[in-house]
Each structure stands twice: as C-alpha cells, then as structure tokens.
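*Asks:* So here's model.cif (mmCIF, C-alpha atoms).
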```cif
data_input
loop_
_atom_site.label_atom_id
_atom_site.label_comp_id
_atom_site.auth_asym_id
_atom_site.auth_seq_id
_atom_site.Cartn_x
_atom_site.Cartn_y
_atom_site.Cartn_z
CA MET H 86 -8.21 1.99 15.43
CA ASN H 87 -5.36 4.22 16.52
CA ARG H 88 -3.84 7.16 14.69
CA SER H 89 -0.89 5.26 13.18
CA GLU H 90 -3.17 2.52 11.81
CA ARG H 91 -5.42 5.16 10.26
CA ALA H 92 -2.40 6.85 8.70
CA ARG H 93 -1.22 3.52 7.29
CA LEU H 94 -4.63 2.73 5.83
CA LEU H 95 -4.91 6.19 4.28
CA ALA H 96 -1.46 5.82 2.72
CA LEU H 97 -2.38 2.38 1.40
CA ASP H 98 -5.65 3.74 -0.01
CA ARG H 99 -3.70 6.47 -1.81
CA CYS H 100 -1.28 3.85 -3.17
CA LEU H 101 -4.19 1.77 -4.44
CA GLN H 102 -5.64 4.84 -6.16
CA LEU H 103 -2.31 5.64 -7.85
CA LEU H 104 -1.95 2.05 -9.07
CA GLU H 105 -5.54 1.84 -10.31
CA ASP H 106 -5.09 5.14 -12.17
CA ALA H 107 -1.90 3.78 -13.75
CA LEU H 108 -3.77 0.68 -14.93
CA LEU H 109 -6.53 2.83 -16.39
CA ARG H 110 -3.87 4.73 -18.37
CA GLY H 111 -2.56 1.42 -19.70
CA ARG H 112 0.64 1.24 -17.66
CA GLN H 113 1.54 -2.41 -17.32
CA ARG H 114 4.68 -1.73 -15.28
CA VAL H 115 5.55 0.68 -12.48
CA ASP H 116 7.74 3.49 -13.82
CA ALA H 117 10.27 5.56 -11.83
CA ARG H 118 7.81 8.37 -11.09
CA LEU H 119 5.09 6.06 -9.79
CA ALA H 120 7.61 4.02 -7.77
CA SER H 121 8.87 7.22 -6.15
CA GLU H 122 5.34 8.33 -5.23
CA LEU H 123 4.53 4.91 -3.79
CA LYS H 124 7.73 4.74 -1.75
CA GLU H 125 7.10 8.23 -0.37
CA LEU H 126 3.57 7.33 0.71
CA LEU H 127 4.62 4.00 2.19
CA GLY H 128 7.59 5.51 3.98
CA ALA H 129 5.53 8.31 5.50
CA ALA H 130 3.17 5.71 6.94
CA GLY H 131 6.01 3.59 8.31
CA LEU H 132 5.51 0.86 5.73
CA ILE H 133 8.70 -0.04 3.92
CA PRO H 134 8.37 -1.98 0.66
CA ASP H 135 10.09 -5.37 0.82
CA HIS H 136 11.40 -5.10 -2.70
CA ARG H 137 12.03 -2.74 -5.55
CA LEU H 138 8.88 -1.31 -7.08
CA GLU H 139 10.19 0.17 -10.32
CA GLY H 140 9.81 -2.17 -13.26
CA ARG H 141 7.40 -4.52 -11.51
CA ARG H 142 4.05 -5.32 -13.02
CA THR H 143 1.46 -2.84 -11.81
CA GLU H 144 -1.04 -5.61 -11.01
CA ARG H 145 1.48 -7.40 -8.79
CA VAL H 146 2.25 -4.23 -6.84
CA LEU H 147 -1.50 -3.66 -6.49
CA ASP H 148 -1.81 -7.17 -5.02
CA ASP H 149 1.03 -6.41 -2.58
CA ILE H 150 -0.71 -3.23 -1.43
CA PHE H 151 -3.96 -5.13 -0.88
CA ALA H 152 -2.01 -7.68 1.20
CA LEU H 153 -0.45 -4.88 3.29
CA GLN H 154 -3.89 -3.38 3.80
CA ALA H 155 -5.25 -6.73 4.98
CA LYS H 156 -2.29 -7.12 7.32
CA VAL H 157 -2.88 -3.70 8.90
CA MET H 158 -6.60 -4.40 9.23
CA GLY H 159 -5.89 -7.88 10.58
CA THR H 160 -3.69 -6.38 13.27
CA GLU H 161 -6.61 -4.24 14.36
CA GLU H 162 -8.93 -7.27 14.51
CA GLU H 163 -6.39 -9.25 16.54
CA MET H 164 -6.11 -6.39 19.04
CA ARG H 165 -9.87 -6.27 19.43
CA ALA H 166 -10.03 -10.02 20.01
CA ALA H 167 -7.36 -9.76 22.69
CA GLU H 168 -9.36 -7.09 24.52
CA VAL H 169 -12.43 -9.34 24.83
#
```
Written as structure tokens, that's how I'd like the structure from this file.
*Replies:*
Amino acid sequence: MNRSERARLLALDRCLQLLEDALLRGRQRVDARLASELKELLGAAGLIPDHRLEGRRTERVLDDIFALQAKVMGTEEEMRAAEV
C-alpha cells in the first residue's frame, strides 16, 4: 500500500468515525458543519464527493464512505494481483 492509499484510507476512517458519532447523537441528516468536515477530509485525501452531502441521510453517506473505502482497498488488491 502506497502513501496516497494510506492517506485516503485514514481520511475515510475519520469520515466513518464522524458519521458514526453523528448517528450516536441522533442526527438523521448531515448538517452544514458535518458536511464541511467531511468535504475537507475527502478533499485532502484527493477524494471528491460525487454529490452534495448536506441534507442527505447520515446512513446513506455512511454507505457511500464504505463504498469508497472498498474501492480504494480493491484498487490495492488489483495492483497486487497484477504483480503476480
């Protein structure tokens, strides 16, 4: 795993933590503050959200972050397979 992949996974892990914390506090939808934090983390890792985050259901955004995480991890697995 290279440095940029690690940075992406760390950013995604932080996003997951923020979303899980929001759910624990009973937030059903992503508010402006949370959306801003998520966009900042995703942008710093070179991951641009495909759509607006603010106002979306927290669980849906959580699912999107899990999908991004799987995509980044899948890229790593594909690279390993190509090396063999």
*Asks:* So how far away is CA of Ala92 in chain H from CA of Gly159 in chain H, in Å?
*Replies:* 15.3 Å
*Asks:* Could you check how far CA of Arg112 in chain H sits from CA of Ala152 in chain H, in Å to one decimal?
*Replies:*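 Between CA of Arg112 in chain H and CA of Ala152 in chain H the gap works out to 21.0 Å.
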*Asks:* Take the PyMOL selection byres ((chain H and resi 142) around 6), run it mentally on this structure, and tell me the resulting residues as a list in words.
*Replies:*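 With the shown file as input, the PyMOL selection byres ((chain H and resi 142) around 6) matches Gln113, Arg114, Arg141, Thr143, Glu144 and Arg145 of chain H.
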*Asks:* To test your reading of the syntax: which residues would the PyMOL selection byres ((chain H and resi 89) around 12) return for the file shown? Reply as a PDB file with C-alpha atoms, in the coordinates of the input.
*Replies:*
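Saved to expr20.pdb:
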```pdb
ATOM      1  CA  MET H  86      -8.210   1.990  15.430  1.00  0.00           C
ATOM      2  CA  ASN H  87      -5.360   4.220  16.520  1.00  0.00           C
ATOM      3  CA  ARG H  88      -3.840   7.160  14.690  1.00  0.00           C
ATOM      4  CA  GLU H  90      -3.170   2.520  11.810  1.00  0.00           C
ATOM      5  CA  ARG H  91      -5.420   5.160  10.260  1.00  0.00           C
ATOM      6  CA  ALA H  92      -2.400   6.850   8.700  1.00  0.00           C
ATOM      7  CA  ARG H  93      -1.220   3.520   7.290  1.00  0.00           C
ATOM      8  CA  LEU H  94      -4.630   2.730   5.830  1.00  0.00           C
ATOM      9  CA  LEU H  95      -4.910   6.190   4.280  1.00  0.00           C
ATOM     10  CA  ALA H  96      -1.460   5.820   2.720  1.00  0.00           C
ATOM     11  CA  ALA H 129       5.530   8.310   5.500  1.00  0.00           C
ATOM     12  CA  ALA H 130       3.170   5.710   6.940  1.00  0.00           C
ATOM     13  CA  GLY H 131       6.010   3.590   8.310  1.00  0.00           C
ATOM     14  CA  LEU H 132       5.510   0.860   5.730  1.00  0.00           C
ATOM     15  CA  VAL H 157      -2.880  -3.700   8.900  1.00  0.00           C
ATOM     16  CA  MET H 158      -6.600  -4.400   9.230  1.00  0.00           C
ATOM     17  CA  THR H 160      -3.690  -6.380  13.270  1.00  0.00           C
ATOM     18  CA  GLU H 161      -6.610  -4.240  14.360  1.00  0.00           C
TER      19      GLU H 161
END
```
*Asks:* Within 12 Å of Ala107 in chain H, counting all atoms listed in the file, which residues show up once you throw out same-chain ones fewer than 3 positions away? Write them as number ranges by chain, please.
*Replies:* H: 100-104, 110-116, 118-120, 123, 142-144, 146-147
*Asks:* Rounded to one decimal, what separation in Å do you get between CA of Asp149 in chain H and CA of Ile133 in chain H?
*Replies:*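 CA of Ile133 in chain H lies at a distance of 11.9 Å from CA of Asp149 in chain H.
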*Asks:* My list of candidates is H:Asp106, H:Glu122, H:Leu127, H:Ala117. Which is closest to Gln154 in chain H when distances are computed with only C-alpha atoms?
*Replies:* H:Leu127
